[in-house]
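Visitor: My structure is in coords32.txt, and what it holds is compact mmCIF, C-alpha atoms:
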```txt
# COMPACT_ATOMS: atom_id res chain seq x y z
CA MET K 13 17.42 -14.72 -12.08
CA THR K 14 14.56 -14.01 -9.75
CA LEU K 15 15.32 -11.93 -6.67
CA PRO K 16 13.28 -12.48 -3.50
CA THR K 17 10.47 -9.98 -3.36
CA THR K 18 10.32 -7.44 -0.55
CA PRO K 19 7.38 -8.40 1.67
CA GLY K 20 4.37 -6.15 2.08
CA GLN K 21 3.05 -4.81 5.38
CA THR K 22 -0.23 -3.31 6.48
CA VAL K 23 -0.90 0.29 5.50
CA GLY K 24 -1.67 0.85 9.20
CA PRO K 25 -3.99 3.40 10.80
CA PHE K 26 -2.04 6.57 10.06
CA PHE K 27 -1.83 6.74 6.26
CA HIS K 28 -4.25 9.64 5.98
CA TYR K 29 -1.60 12.34 5.91
CA GLY K 30 0.80 10.29 3.78
CA LEU K 31 -1.19 8.91 0.87
CA PRO K 32 -4.33 10.96 0.16
CA TYR K 33 -3.90 14.21 -1.77
CA ASP K 34 -6.16 16.89 -3.18
CA GLY K 35 -8.02 15.55 -6.20
CA ASP K 36 -6.93 11.96 -5.60
CA ARG K 37 -10.40 10.54 -6.26
CA ASP K 38 -11.36 12.80 -9.15
CA LEU K 39 -9.87 11.31 -12.31
CA VAL K 40 -12.20 13.69 -14.13
CA PRO K 41 -13.98 16.67 -12.60
CA PRO K 42 -17.28 15.54 -11.06
CA GLY K 43 -20.16 16.34 -13.35
CA SER K 44 -17.99 16.80 -16.44
CA PRO K 45 -19.12 15.17 -19.72
CA GLY K 46 -18.85 11.39 -19.49
CA ALA K 47 -18.09 11.41 -15.77
CA VAL K 48 -19.41 8.46 -13.79
CA LEU K 49 -19.43 7.80 -10.08
CA LEU K 50 -17.72 4.60 -8.99
CA HIS K 51 -18.47 4.06 -5.35
CA GLY K 52 -19.06 1.46 -2.69
CA ILE K 53 -18.60 0.44 0.91
CA VAL K 54 -15.69 -1.59 2.24
CA ARG K 55 -16.84 -4.03 4.93
CA ASP K 56 -15.21 -6.48 7.32
CA GLY K 57 -16.16 -10.04 8.22
CA ALA K 58 -18.96 -8.87 10.50
CA GLY K 59 -20.40 -6.67 7.77
CA VAL K 60 -19.22 -3.54 9.55
CA PRO K 61 -18.04 -0.68 7.30
CA ILE K 62 -14.29 -0.04 7.50
CA PRO K 63 -13.51 3.66 8.00
CA ASP K 64 -9.75 3.31 7.59
CA ALA K 65 -9.40 1.58 4.23
CA LEU K 66 -7.86 2.94 1.05
CA VAL K 67 -8.97 1.99 -2.45
CA GLU K 68 -6.98 2.63 -5.62
CA ILE K 69 -8.23 2.22 -9.18
CA TRP K 70 -6.32 1.86 -12.44
CA GLN K 71 -8.13 1.67 -15.74
CA THR K 72 -8.27 2.03 -19.49
CA ARG K 73 -9.70 5.03 -21.29
CA PRO K 74 -13.22 4.58 -22.71
CA ASP K 75 -11.61 3.48 -26.01
CA GLY K 76 -9.76 0.65 -24.24
CA THR K 77 -6.27 2.16 -24.46
CA VAL K 78 -4.03 2.37 -21.41
CA PRO K 79 -3.07 5.88 -20.25
CA GLN K 80 0.63 6.50 -19.73
CA GLU K 81 0.56 10.17 -18.86
CA PRO K 82 1.70 11.74 -15.59
CA GLY K 83 -0.48 14.08 -13.61
CA SER K 84 -2.39 11.91 -11.16
CA ILE K 85 -1.07 13.86 -8.15
CA ARG K 86 -1.26 17.36 -9.65
CA ARG K 87 -4.33 17.03 -11.81
CA ASP K 88 -4.86 19.64 -14.54
CA GLY K 89 -8.52 18.74 -15.15
CA TRP K 90 -7.86 17.74 -18.76
CA THR K 91 -5.44 14.81 -18.67
CA PHE K 92 -6.97 11.42 -18.04
CA THR K 93 -4.29 9.47 -16.18
CA GLY K 94 -6.35 6.36 -15.36
CA PHE K 95 -5.25 6.30 -11.71
CA GLY K 96 -7.17 7.33 -8.62
CA ARG K 97 -7.00 6.87 -4.87
CA ALA K 98 -9.77 7.24 -2.29
CA SER K 99 -9.74 6.69 1.46
CA THR K 100 -13.00 5.48 2.97
CA ASP K 101 -15.06 7.83 5.11
CA ARG K 102 -16.63 7.19 8.51
CA ASP K 103 -19.30 5.08 6.83
CA GLY K 104 -16.74 2.95 5.00
CA LEU K 105 -17.65 4.60 1.71
CA TYR K 106 -15.21 5.31 -1.11
CA ALA K 107 -16.08 7.26 -4.26
CA PHE K 108 -14.36 8.15 -7.53
CA SER K 109 -15.35 10.52 -10.29
CA THR K 110 -14.01 8.88 -13.43
CA LEU K 111 -14.82 7.63 -16.91
CA ALA K 112 -16.19 4.19 -17.69
CA PRO K 113 -13.27 1.99 -18.77
CA GLY K 114 -13.24 0.59 -22.29
CA PRO K 115 -12.99 -3.08 -23.27
CA ILE K 116 -9.50 -4.54 -23.14
CA GLY K 117 -9.95 -6.39 -26.43
CA PRO K 118 -12.58 -7.74 -28.80
CA ARG K 119 -15.38 -9.23 -26.71
CA ARG K 120 -13.31 -8.76 -23.57
CA PRO K 121 -15.24 -7.03 -20.82
CA ALA K 122 -14.02 -3.78 -19.33
CA PHE K 123 -13.02 -3.53 -15.70
CA TRP K 124 -11.44 -1.31 -13.13
CA ALA K 125 -8.27 -2.83 -11.65
CA ILE K 126 -8.52 -2.28 -7.92
CA THR K 127 -6.10 -2.39 -5.00
CA VAL K 128 -7.41 -2.41 -1.43
CA PHE K 129 -5.50 -1.44 1.70
CA ALA K 130 -6.71 -1.16 5.30
CA ARG K 131 -5.59 -1.02 8.86
CA GLY K 132 -5.74 -4.63 10.02
CA LEU K 133 -5.18 -6.00 6.52
CA PRO K 134 -1.63 -7.44 6.57
CA ASP K 135 -1.00 -6.91 2.85
CA ARG K 136 -2.70 -5.18 -0.05
CA LEU K 137 -5.34 -7.04 -2.05
CA PHE K 138 -6.05 -6.92 -5.78
CA THR K 139 -9.46 -7.30 -7.36
CA ARG K 140 -11.44 -6.19 -10.43
CA ALA K 141 -14.73 -4.34 -10.79
CA TYR K 142 -16.24 -5.40 -14.11
CA VAL K 143 -18.57 -3.12 -16.02
CA PRO K 144 -21.84 -5.00 -16.47
CA GLY K 145 -22.66 -6.00 -20.03
CA PRO K 146 -23.18 -8.92 -22.41
CA ASP K 147 -19.48 -9.73 -22.73
CA LEU K 148 -19.32 -10.91 -19.14
CA ASP K 149 -20.94 -14.22 -20.03
CA ASP K 150 -18.14 -15.25 -22.39
CA ASP K 151 -15.20 -14.16 -20.32
CA PRO K 152 -12.97 -17.13 -19.45
CA PHE K 153 -11.66 -15.59 -16.23
CA LEU K 154 -15.13 -14.92 -14.89
CA ALA K 155 -16.37 -18.30 -16.09
CA ALA K 156 -13.68 -20.01 -13.99
CA LEU K 157 -14.90 -18.41 -10.77
CA PRO K 158 -17.27 -20.18 -8.40
CA ALA K 159 -20.73 -19.17 -9.62
CA GLU K 160 -21.89 -18.08 -6.18
CA ARG K 161 -19.05 -15.57 -5.86
CA ARG K 162 -18.75 -14.33 -9.45
CA GLY K 163 -21.10 -11.49 -8.72
CA THR K 164 -18.67 -9.98 -6.21
CA LEU K 165 -16.56 -8.78 -9.16
CA ILE K 166 -19.36 -7.18 -11.15
CA ALA K 167 -20.30 -3.58 -10.50
CA ALA K 168 -23.96 -2.63 -10.38
CA THR K 169 -25.28 0.27 -12.37
CA ASP K 170 -26.96 3.04 -10.46
CA PRO K 171 -28.30 6.44 -11.50
CA GLN K 172 -24.93 8.18 -11.25
CA GLY K 173 -22.67 5.41 -12.42
CA TYR K 174 -21.56 2.20 -10.78
CA ARG K 175 -21.70 0.67 -7.34
CA PHE K 176 -19.01 -1.78 -6.22
CA ASP K 177 -18.97 -2.92 -2.60
CA ILE K 178 -15.92 -4.71 -1.24
CA ARG K 179 -16.22 -7.38 1.43
CA LEU K 180 -12.82 -8.26 2.89
CA GLN K 181 -14.21 -11.33 4.65
CA GLY K 182 -17.46 -13.23 4.36
CA GLN K 183 -19.12 -16.31 2.98
CA ASP K 184 -20.32 -16.23 -0.60
CA ASP K 185 -20.25 -12.46 -0.43
CA GLU K 186 -16.51 -12.33 0.26
CA THR K 187 -15.03 -10.41 -2.66
CA VAL K 188 -12.86 -12.51 -4.96
CA PHE K 189 -9.29 -11.28 -4.55
CA LEU K 190 -6.57 -12.05 -7.05
CA ARG K 191 -3.15 -13.59 -7.06
CA PHE K 192 -1.03 -12.72 -10.06
CA PRO K 193 1.87 -14.91 -11.23
CA GLY K 194 5.15 -14.19 -9.51
CA ARG K 195 3.83 -13.60 -6.04
CA MET Y 12 -1.44 20.83 30.26
CA ARG Y 13 0.31 17.68 31.28
CA SER Y 14 -1.26 14.50 29.96
CA ILE Y 15 -2.39 11.84 32.37
CA ILE Y 16 -0.27 8.74 32.11
CA PRO Y 17 -2.70 6.10 30.83
CA ILE Y 18 -3.31 3.03 32.93
CA ALA Y 19 -3.22 -0.15 30.93
CA ALA Y 20 -6.60 -1.69 30.35
CA PRO Y 21 -7.03 -4.99 32.20
CA ASP Y 22 -8.83 -6.60 29.26
CA LEU Y 23 -5.73 -6.64 27.06
CA GLU Y 24 -3.61 -9.77 26.87
CA PRO Y 25 0.03 -9.72 27.93
CA GLN Y 26 2.97 -9.74 25.53
CA SER Y 27 3.72 -13.30 26.61
CA ALA Y 28 0.43 -14.53 25.13
CA ILE Y 29 1.10 -12.77 21.81
CA SER Y 30 4.70 -13.97 21.73
CA ALA Y 31 3.57 -17.56 22.34
CA GLU Y 32 1.24 -17.33 19.34
CA ILE Y 33 3.98 -15.78 17.21
CA ASP Y 34 6.40 -18.55 18.17
CA ALA Y 35 3.87 -21.31 17.51
CA ILE Y 36 3.15 -20.01 14.00
CA ALA Y 37 6.85 -19.50 13.22
CA GLY Y 38 7.68 -22.99 14.49
CA ALA Y 39 4.98 -24.62 12.37
CA ALA Y 40 6.10 -22.63 9.33
CA ALA Y 41 9.71 -23.70 9.82
CA ARG Y 42 8.69 -27.33 10.11
CA ALA Y 43 6.57 -27.04 6.96
CA GLY Y 44 9.66 -25.75 5.22
CA GLY Y 45 7.90 -23.63 2.62
CA ASP Y 46 9.17 -20.20 1.72
CA GLU Y 47 6.75 -17.69 3.15
CA THR Y 48 7.89 -14.62 1.35
CA GLN Y 49 4.90 -12.48 2.27
CA PRO Y 50 2.90 -11.71 5.39
CA ARG Y 51 0.12 -14.13 6.22
CA LEU Y 52 -3.23 -12.53 5.55
CA ASP Y 53 -4.63 -14.65 8.37
CA TYR Y 54 -2.33 -13.80 11.28
CA PRO Y 55 -4.28 -13.78 14.57
CA PRO Y 56 -1.49 -12.25 16.72
CA TYR Y 57 -2.23 -9.02 14.82
CA ARG Y 58 -5.62 -8.72 16.47
CA SER Y 59 -7.26 -6.13 14.23
CA SER Y 60 -6.70 -8.44 11.25
CA VAL Y 61 -9.11 -11.08 12.55
CA LEU Y 62 -12.20 -9.71 10.76
CA ARG Y 63 -10.32 -7.96 7.97
CA HIS Y 64 -8.58 -10.73 6.05
CA PRO Y 65 -10.05 -12.87 3.27
CA THR Y 66 -10.81 -16.44 4.26
CA LYS Y 67 -10.95 -17.83 0.70
CA ASP Y 68 -7.87 -18.57 -1.35
CA LEU Y 69 -6.74 -15.77 -3.61
CA HIS Y 70 -7.90 -16.56 -7.13
CA HIS Y 71 -5.18 -16.95 -9.76
CA ALA Y 72 -5.43 -14.37 -12.52
CA ASP Y 73 -3.26 -13.75 -15.54
CA PRO Y 74 -2.77 -10.01 -15.82
CA GLU Y 75 -4.80 -8.39 -18.57
CA SER Y 76 -3.40 -5.59 -20.70
CA VAL Y 77 -4.19 -2.78 -18.31
CA GLU Y 78 -2.66 -4.72 -15.42
CA ARG Y 79 0.61 -5.08 -17.30
CA TRP Y 80 1.04 -1.34 -17.07
CA ALA Y 81 1.29 0.92 -14.06
CA PRO Y 82 0.23 4.51 -13.48
CA CYS Y 83 2.80 6.98 -14.72
CA PHE Y 84 4.08 9.80 -12.52
CA GLY Y 85 6.38 12.61 -13.53
CA ASN Y 86 8.03 15.87 -12.60
CA ARG Y 87 4.69 17.63 -12.64
CA ASP Y 88 3.52 15.35 -9.83
CA VAL Y 89 6.48 15.52 -7.46
CA ASP Y 90 8.52 18.53 -6.39
CA PRO Y 91 12.14 17.50 -5.66
CA LEU Y 92 11.86 19.28 -2.31
CA GLU Y 93 9.23 16.74 -1.19
CA SER Y 94 12.00 14.19 -0.56
CA ASP Y 95 13.32 16.28 2.36
CA LEU Y 96 10.97 15.93 5.34
CA THR Y 97 13.11 18.28 7.44
CA ILE Y 98 12.52 21.46 5.43
CA VAL Y 99 8.73 21.57 5.44
CA HIS Y 100 8.37 24.02 8.32
CA ALA Y 101 10.10 27.14 9.57
CA CYS Y 102 12.66 25.37 11.73
CA GLU Y 103 14.47 22.04 11.88
CA PRO Y 104 12.51 19.17 13.42
CA LEU Y 105 13.70 17.57 16.65
CA GLY Y 106 15.41 14.21 16.48
CA GLU Y 107 18.20 12.35 14.80
CA ARG Y 108 18.55 13.53 11.18
CA ILE Y 109 18.93 10.58 8.79
CA ILE Y 110 19.22 9.81 5.11
CA VAL Y 111 17.33 6.79 3.80
CA THR Y 112 18.29 5.64 0.34
CA GLY Y 113 18.23 2.53 -1.82
CA ARG Y 114 17.38 1.06 -5.17
CA VAL Y 115 14.01 -0.15 -6.41
CA VAL Y 116 14.35 -3.10 -8.79
CA ASP Y 117 12.02 -5.75 -10.17
CA GLY Y 118 12.41 -9.48 -9.63
CA ASP Y 119 14.90 -9.68 -12.48
CA GLY Y 120 17.07 -6.97 -10.97
CA ARG Y 121 16.04 -4.31 -13.48
CA PRO Y 122 15.77 -0.80 -12.06
CA VAL Y 123 12.31 0.70 -11.67
CA ARG Y 124 12.89 4.07 -13.29
CA ARG Y 125 11.14 7.39 -12.75
CA GLN Y 126 8.49 5.86 -10.53
CA LEU Y 127 6.74 7.19 -7.46
CA VAL Y 128 7.90 6.43 -3.89
CA GLU Y 129 5.82 7.79 -1.00
CA ILE Y 130 6.67 7.61 2.71
CA TRP Y 131 5.04 8.55 6.00
CA GLN Y 132 6.22 8.15 9.56
CA ALA Y 133 5.99 9.20 13.21
CA ASN Y 134 8.14 11.98 14.66
CA ALA Y 135 11.17 11.44 16.88
CA GLY Y 136 8.91 11.02 19.91
CA GLY Y 137 6.83 8.33 18.25
CA ARG Y 138 3.82 10.54 17.53
CA TYR Y 139 1.96 10.77 14.23
CA VAL Y 140 0.30 13.94 13.01
CA HIS Y 141 -3.02 12.15 12.97
CA LYS Y 142 -6.19 12.75 14.92
CA ARG Y 143 -6.45 9.09 15.84
CA ASP Y 144 -2.98 9.03 17.42
CA GLN Y 145 -3.61 9.50 21.12
CA HIS Y 146 -0.07 8.64 22.26
CA PRO Y 147 0.78 11.29 24.87
CA ALA Y 148 4.10 12.13 23.24
CA PRO Y 149 4.69 15.66 21.94
CA LEU Y 150 3.83 16.75 18.44
CA ASP Y 151 6.70 18.54 16.74
CA PRO Y 152 5.52 21.76 15.05
CA ASN Y 153 8.44 21.38 12.64
CA PHE Y 154 7.70 17.87 11.49
CA THR Y 155 4.79 16.49 9.49
CA GLY Y 156 6.33 13.20 8.40
CA ALA Y 157 5.17 12.65 4.80
CA GLY Y 158 7.38 12.71 1.70
CA ARG Y 159 7.54 11.70 -1.96
CA CYS Y 160 10.13 11.26 -4.65
CA LEU Y 161 10.61 9.73 -8.06
CA THR Y 162 13.29 7.08 -8.53
CA ASP Y 163 16.13 8.09 -10.83
CA GLU Y 164 17.20 6.43 -14.08
CA ASP Y 165 18.90 3.66 -12.13
CA GLY Y 166 16.05 3.06 -9.68
CA TRP Y 167 17.51 5.01 -6.74
CA TYR Y 168 15.37 6.89 -4.23
CA ARG Y 169 16.65 9.12 -1.41
CA PHE Y 170 14.92 10.83 1.50
CA VAL Y 171 16.17 13.14 4.22
CA THR Y 172 14.15 12.81 7.42
CA ILE Y 173 14.51 12.19 11.14
CA LYS Y 174 14.56 8.80 12.79
CA PRO Y 175 11.02 7.95 13.90
CA GLY Y 176 10.39 6.85 17.47
CA PRO Y 177 8.68 3.63 18.54
CA TYR Y 178 5.12 4.08 19.71
CA PRO Y 179 2.57 2.19 21.78
CA TRP Y 180 -0.57 0.63 20.37
CA ARG Y 181 -3.35 -1.45 21.83
CA ASN Y 182 -2.94 -4.77 20.06
CA HIS Y 183 -2.13 -6.18 23.51
CA LEU Y 184 -0.88 -4.99 26.88
CA ASN Y 185 2.39 -3.06 26.61
CA ALA Y 186 2.47 -3.37 22.81
CA TRP Y 187 5.02 -1.11 21.07
CA ARG Y 188 5.66 -0.82 17.37
CA PRO Y 189 9.34 -0.88 16.44
CA ALA Y 190 10.51 2.33 14.80
CA HIS Y 191 9.52 2.23 11.13
CA ILE Y 192 8.89 4.26 8.01
CA HIS Y 193 5.89 3.38 5.82
CA PHE Y 194 6.74 3.02 2.13
CA SER Y 195 4.40 2.98 -0.88
CA LEU Y 196 5.79 1.88 -4.25
CA PHE Y 197 4.68 1.39 -7.82
CA GLY Y 198 6.46 -0.67 -10.44
CA THR Y 199 6.10 -0.86 -14.20
CA ASP Y 200 3.08 -3.16 -13.81
CA PHE Y 201 -0.09 -2.67 -11.77
CA THR Y 202 0.56 -6.09 -10.24
CA GLN Y 203 3.79 -4.87 -8.60
CA ARG Y 204 2.07 -2.45 -6.24
CA LEU Y 205 3.69 -2.60 -2.80
CA VAL Y 206 2.94 -0.94 0.52
CA THR Y 207 5.30 -1.94 3.29
CA GLN Y 208 7.33 -0.72 6.27
CA MET Y 209 11.06 -0.22 6.66
CA TYR Y 210 12.64 -0.94 10.04
CA PHE Y 211 15.95 -0.09 11.69
CA PRO Y 212 18.72 -2.55 12.51
CA GLY Y 213 19.05 -3.87 16.03
CA ASP Y 214 15.61 -2.82 17.23
CA PRO Y 215 14.69 -5.04 20.21
CA LEU Y 216 10.99 -4.51 19.51
CA LEU Y 217 11.13 -6.41 16.20
CA ALA Y 218 10.99 -9.76 17.98
CA LEU Y 219 7.82 -8.72 19.83
CA ASP Y 220 5.91 -7.09 16.98
CA PRO Y 221 3.05 -9.08 15.41
CA ILE Y 222 3.06 -6.94 12.26
CA TYR Y 223 6.72 -7.54 11.49
CA GLN Y 224 6.42 -11.17 12.57
CA SER Y 225 3.44 -11.76 10.25
CA ILE Y 226 6.08 -12.81 7.68
CA ALA Y 227 6.75 -16.22 9.14
CA ASP Y 228 10.10 -16.84 7.45
CA PRO Y 229 12.89 -14.83 9.12
CA ASN Y 230 14.94 -14.75 5.91
CA PHE Y 231 12.18 -12.79 4.23
CA ARG Y 232 11.02 -10.52 7.03
CA GLU Y 233 14.63 -9.42 7.57
CA ARG Y 234 14.45 -7.86 4.12
CA LEU Y 235 12.38 -5.13 5.73
CA VAL Y 236 15.26 -4.07 7.99
CA SER Y 237 17.53 -1.36 6.65
CA THR Y 238 21.28 -1.41 7.19
CA TYR Y 239 23.37 1.37 8.64
CA ASP Y 240 25.66 2.58 5.83
CA HIS Y 241 28.60 4.74 6.78
CA ASP Y 242 29.12 5.66 3.12
CA VAL Y 243 25.65 7.22 3.09
CA THR Y 244 26.31 9.10 6.33
CA ILE Y 245 27.27 12.74 5.77
CA PRO Y 246 29.93 14.09 8.16
CA GLU Y 247 28.66 16.38 10.88
CA TRP Y 248 25.15 16.31 9.41
CA ALA Y 249 23.18 13.03 9.14
CA LEU Y 250 23.42 9.26 9.59
CA GLY Y 251 22.77 7.08 6.56
CA TYR Y 252 20.60 4.01 6.12
CA ARG Y 253 20.41 1.83 3.02
CA TRP Y 254 17.31 -0.13 2.08
CA ASP Y 255 16.82 -1.78 -1.30
CA ILE Y 256 13.39 -2.86 -2.50
CA VAL Y 257 12.56 -5.73 -4.87
CA LEU Y 258 9.17 -5.71 -6.57
CA THR Y 259 7.71 -8.75 -8.29
CA GLY Y 260 8.88 -9.57 -11.79
CA SER Y 261 7.70 -7.31 -14.56
CA THR Y 262 6.02 -8.59 -17.68
CA GLN Y 263 7.08 -5.60 -19.70
CA ALA Y 264 9.84 -5.88 -22.23
CA TYR Y 265 12.95 -4.15 -21.08
CA PHE Y 266 13.95 -1.08 -23.03
CA GLU Y 267 17.11 0.91 -22.58
CA PRO Y 268 16.16 4.55 -22.26
CA GLU Y 269 16.55 6.56 -25.42
CA GLY Y 270 19.21 9.19 -25.21
CA SER Y 271 21.69 9.21 -22.39
CA ASP Y 272 21.59 12.66 -20.91
CA LEU Y 273 21.31 11.30 -17.36
```
Mind turning this structure into structure tokens?
Guide:
Amino acid sequence: MTLPTTPGQTVGPFFHYGLPYDGDRDLVPPGSPGAVLLHGIVRDGAGVPIPDALVEIWQTRPDGTVPQEPGSIRRDGWTFTGFGRASTDRDGLYAFSTLAPGPIGPRRPAFWAITVFARGLPDRLFTRAYVPGPDLDDDPFLAALPAERRGTLIAATDPQGYRFDIRLQGQDDETVFLRFPGR
Amino acid sequence: MRSIIPIAAPDLEPQSAISAEIDAIAGAAARAGGDETQPRLDYPPYRSSVLRHPTKDLHHADPESVERWAPCFGNRDVDPLESDLTIVHACEPLGERIIVTGRVVDGDGRPVRRQLVEIWQANAGGRYVHKRDQHPAPLDPNFTGAGRCLTDEDGWYRFVTIKPGPYPWRNHLNAWRPAHIHFSLFGTDFTQRLVTQMYFPGDPLLALDPIYQSIADPNFRERLVSTYDHDVTIPEWALGYRWDIVLTGSTQAYFEPEGSDL
């Protein structure tokens, strides 16, 4: 039996008092041991930064295991829950303080699972931000992507951590968004 | 100070132009015969989507381990009082007090247990507590309009709130959103994440609204409309609405909860 799925709708322009919460973007306290910055700009089809987007991340621990502990909304500063949420600012910038995710299996590259919402975006979008490294070359999912767009899923290292820009619409620079089975 | 009644900008298109586009897309979809269970990402009648939707096909991906799990929320995250949007301030908010309740299940009908549900909405006058909302309707000092709860062991959620009002927006001339409550849901898998809007039965604005109509198949968009439920209504206190939510199928094995103290 498969029931018809409830359709999605845009997050709209007024989510800022409904979804963000104190500490939403700090999976670990900024500056704590092992903390990295994951940040980027969300842009539209004209390259203009989107100030009313929302980005969520979901990730493994550095050892590759999947957290299943509560506490993402009321963070205690010690529990790594693997989930974070960040609204973009006036410059379209989102930023998380988190840990680098661990590989999901032998020779399988690590990534942040990402969900993107925005005013004007009729439904949420899924993507992945891969941690750069040698395992990327052998990954069958990445290998199946058009070569000119593969790079849109790979974060860039920068002095504080990782940079991952999201382009909702574009040419070769349009971020690869994902469709999972069942929807 | 009394607000000035805004004069509609002449550069906006009339409802008739938007409705003609909506009808053309719906007609083509009906002729094509495919089930369009979800909103179209490319839906020009919703004008602000034009530069904000992907133009390439979504790329098929089999979920990896981390994507077969979802974030976990618990009692430490959500105070039970957060499900009542009418008790946040010193006095009762203005408007029609309502109860909104339903079950969250996956595509196989299995309840989504102990998972987070978040809502946000306008007040009874159709005004959001948001700096970008310039609708000259009154703010209600006793209503913020955001709530949370965890589903119970059988997937049920329940909120007490007031019925939101419709509000104008500038998608086109004389554009009004039907009354709605925004919902945010998690499942057992990352891939089940859902943000959507719940509507009210019989709202004449549904037919005119390019966000609601972005789901081209009426059988599917009607799943966003709640039903009035007299069994949920509480005598002399609040009207009841029922709205069930189906997430995509879960890949997780199904386990009966250990113990049965609930």
Visitor: Identify, on the basis of only C-alpha atoms, every residue whose closest approach to Ala168 in chain K does not exceed 8 Å; exclude the query and any residue fewer than 4 positions from it along the same chain; express the result as an MDAnalysis selection string.
Guide: chainID K and resid 143:144 174:176
Visitor: Set up a box along x, y and z of the file covering all listed atoms of range 105-116 of chain Y, add 3 Å on every one of the six sides, and write the centre and edge lengths in Å to one decimal, as lines of an AutoDock Vina configuration file.
Guide:
```
center_x = 16.5
center_y = 7.2
center_z = 3.9
size_x = 11.5
size_y = 26.7
size_z = 31.4
```
Visitor: Counting all atoms listed in the file, which of Y:Leu105, Y:Leu62, Y:Leu69, Y:Leu92 gets nearest to Phe189 in chain K?
Guide: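 When distances to Phe189 in chain K are compared using all atoms listed in the file, the smallest one comes from Y:Leu69.
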Visitor: At a cut-off of 10 Å from (-13.0, 9.2, -11.8) in the coordinates of the file, what residues are picked up using all atoms listed in the file, written as a PyMOL selection string?
Guide: chain K and resi 35-42+46-51+69-71+92-97+107-112
Visitor: Is there a way to get, as a list in words, all residues within 9 Å of the point (-3.4, -2.1, 1.4) in file coordinates, counting all atoms listed in the file?
Guide: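 Those residues lying close to the given coordinates are Gly20, Gln21, Thr22, Val23, Gly24, Ala65, Leu66, Val67, Thr127, Val128, Phe129, Ala130, Arg131, Leu133, Pro134, Asp135, Arg136 and Leu137 of chain K; Leu205, Val206 and Thr207 of chain Y.
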Visitor: What does the distance between CA of Ser94 in chain Y and CA of Gln49 in chain Y come to in Å, to one decimal place?
Guide: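 Atom-to-atom, CA of Ser94 in chain Y and CA of Gln49 in chain Y are spaced 27.7 Å apart.
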Visitor: Using Å and a single decimal, report how far CA of Asp73 in chain Y sits from CA of Gly163 in chain K.
Guide: 19.2 Å
Visitor: As JSON, numbers by chain, please: the residues near range 173-177 of chain Y (cut-off 6 Å, only C-alpha atoms, same-chain neighbours under 6 positions excluded).
Guide: {"Y": [106, 107, 108, 109, 133, 134, 135, 136, 137, 188, 189, 190]}
Visitor: Which of these residues is nearest to Pro50 in chain Y, using only C-alpha atoms: Y:Ile222, Y:Pro179, Y:Thr238, Y:Pro246?
Guide: Y:Ile222
Visitor: Find, counting only C-alpha atoms, the residue in K:Arg120, K:Arg179, K:Arg86, K:Arg161 that gets nearest to chain Y.
Guide: K:Arg86
Visitor: List as a VMD selection string the protein and nucleic acid residues near Leu15 in chain K, meaning an atom at most 10 Å away when only C-alpha atoms are counted, but skip any in the same chain fewer than 2 places from it.
Guide: (chain K and resid 13 17 to 18) or (chain Y and resid 116 to 120 257 to 260)
Visitor: How far is it from CA of Arg114 in chain Y to CA of Gly156 in chain Y, in Å with one decimal?
Guide: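 That distance, rounded to one decimal, is 21.3 Å.
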Visitor: Nearest to chain K: which of Y:Pro25, Y:Pro104, Y:Pro56, Y:Pro82 is it, counting only C-alpha atoms?
Guide: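 Of Y:Pro25, Y:Pro104, Y:Pro56, Y:Pro82, the one nearest chain K, counting only C-alpha atoms, is Y:Pro82.
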Visitor: In terms of the shortest atom-to-atom distance over all atoms listed in the file, which of Y:Pro152, Y:Gly113, Y:Pro65, Y:Pro229 is closest to chain K?
Guide: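 Smallest separation from chain K among the options: Y:Pro65.
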Visitor: Which residue, K:Ile53, K:Ile166, K:Val78, K:Ala141, has the smallest gap to Gly117 in chain K when you use all atoms listed in the file?
Guide: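 Closest to Gly117 in chain K, using all atoms listed in the file: K:Val78.
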Visitor: Would you pick out the contacts of Gly158 in chain Y at 7 Å or less, using only C-alpha atoms, so that residues sharing its chain but fewer than 4 positions from it are not included, and give the list as a PyMOL selection string?
Guide: chain Y and resi 93-96+129-131
Visitor: Determine, using only C-alpha atoms, which residues of range 27-107 of chain Y have any atom at most 12 Å from an atom of range 153-160 of chain K, and tabulate each with its shortest atom pair and distance in Å to one decimal place, rows ordered by chain and then rising number, as a Markdown table.
Guide:
```
| residue | atom | partner | partner_atom | distance |
| --- | --- | --- | --- | --- |
| Y:Lys67 | CA | K:Pro158 | CA | 11.3 |
| Y:Asp68 | CA | K:Leu157 | CA | 11.8 |
| Y:Leu69 | CA | K:Leu157 | CA | 11.2 |
| Y:His70 | CA | K:Leu157 | CA | 8.1 |
| Y:His71 | CA | K:Phe153 | CA | 9.3 |
| Y:Ala72 | CA | K:Phe153 | CA | 7.4 |
| Y:Asp73 | CA | K:Phe153 | CA | 8.6 |
| Y:Pro74 | CA | K:Phe153 | CA | 10.5 |
| Y:Glu75 | CA | K:Phe153 | CA | 10.2 |
```
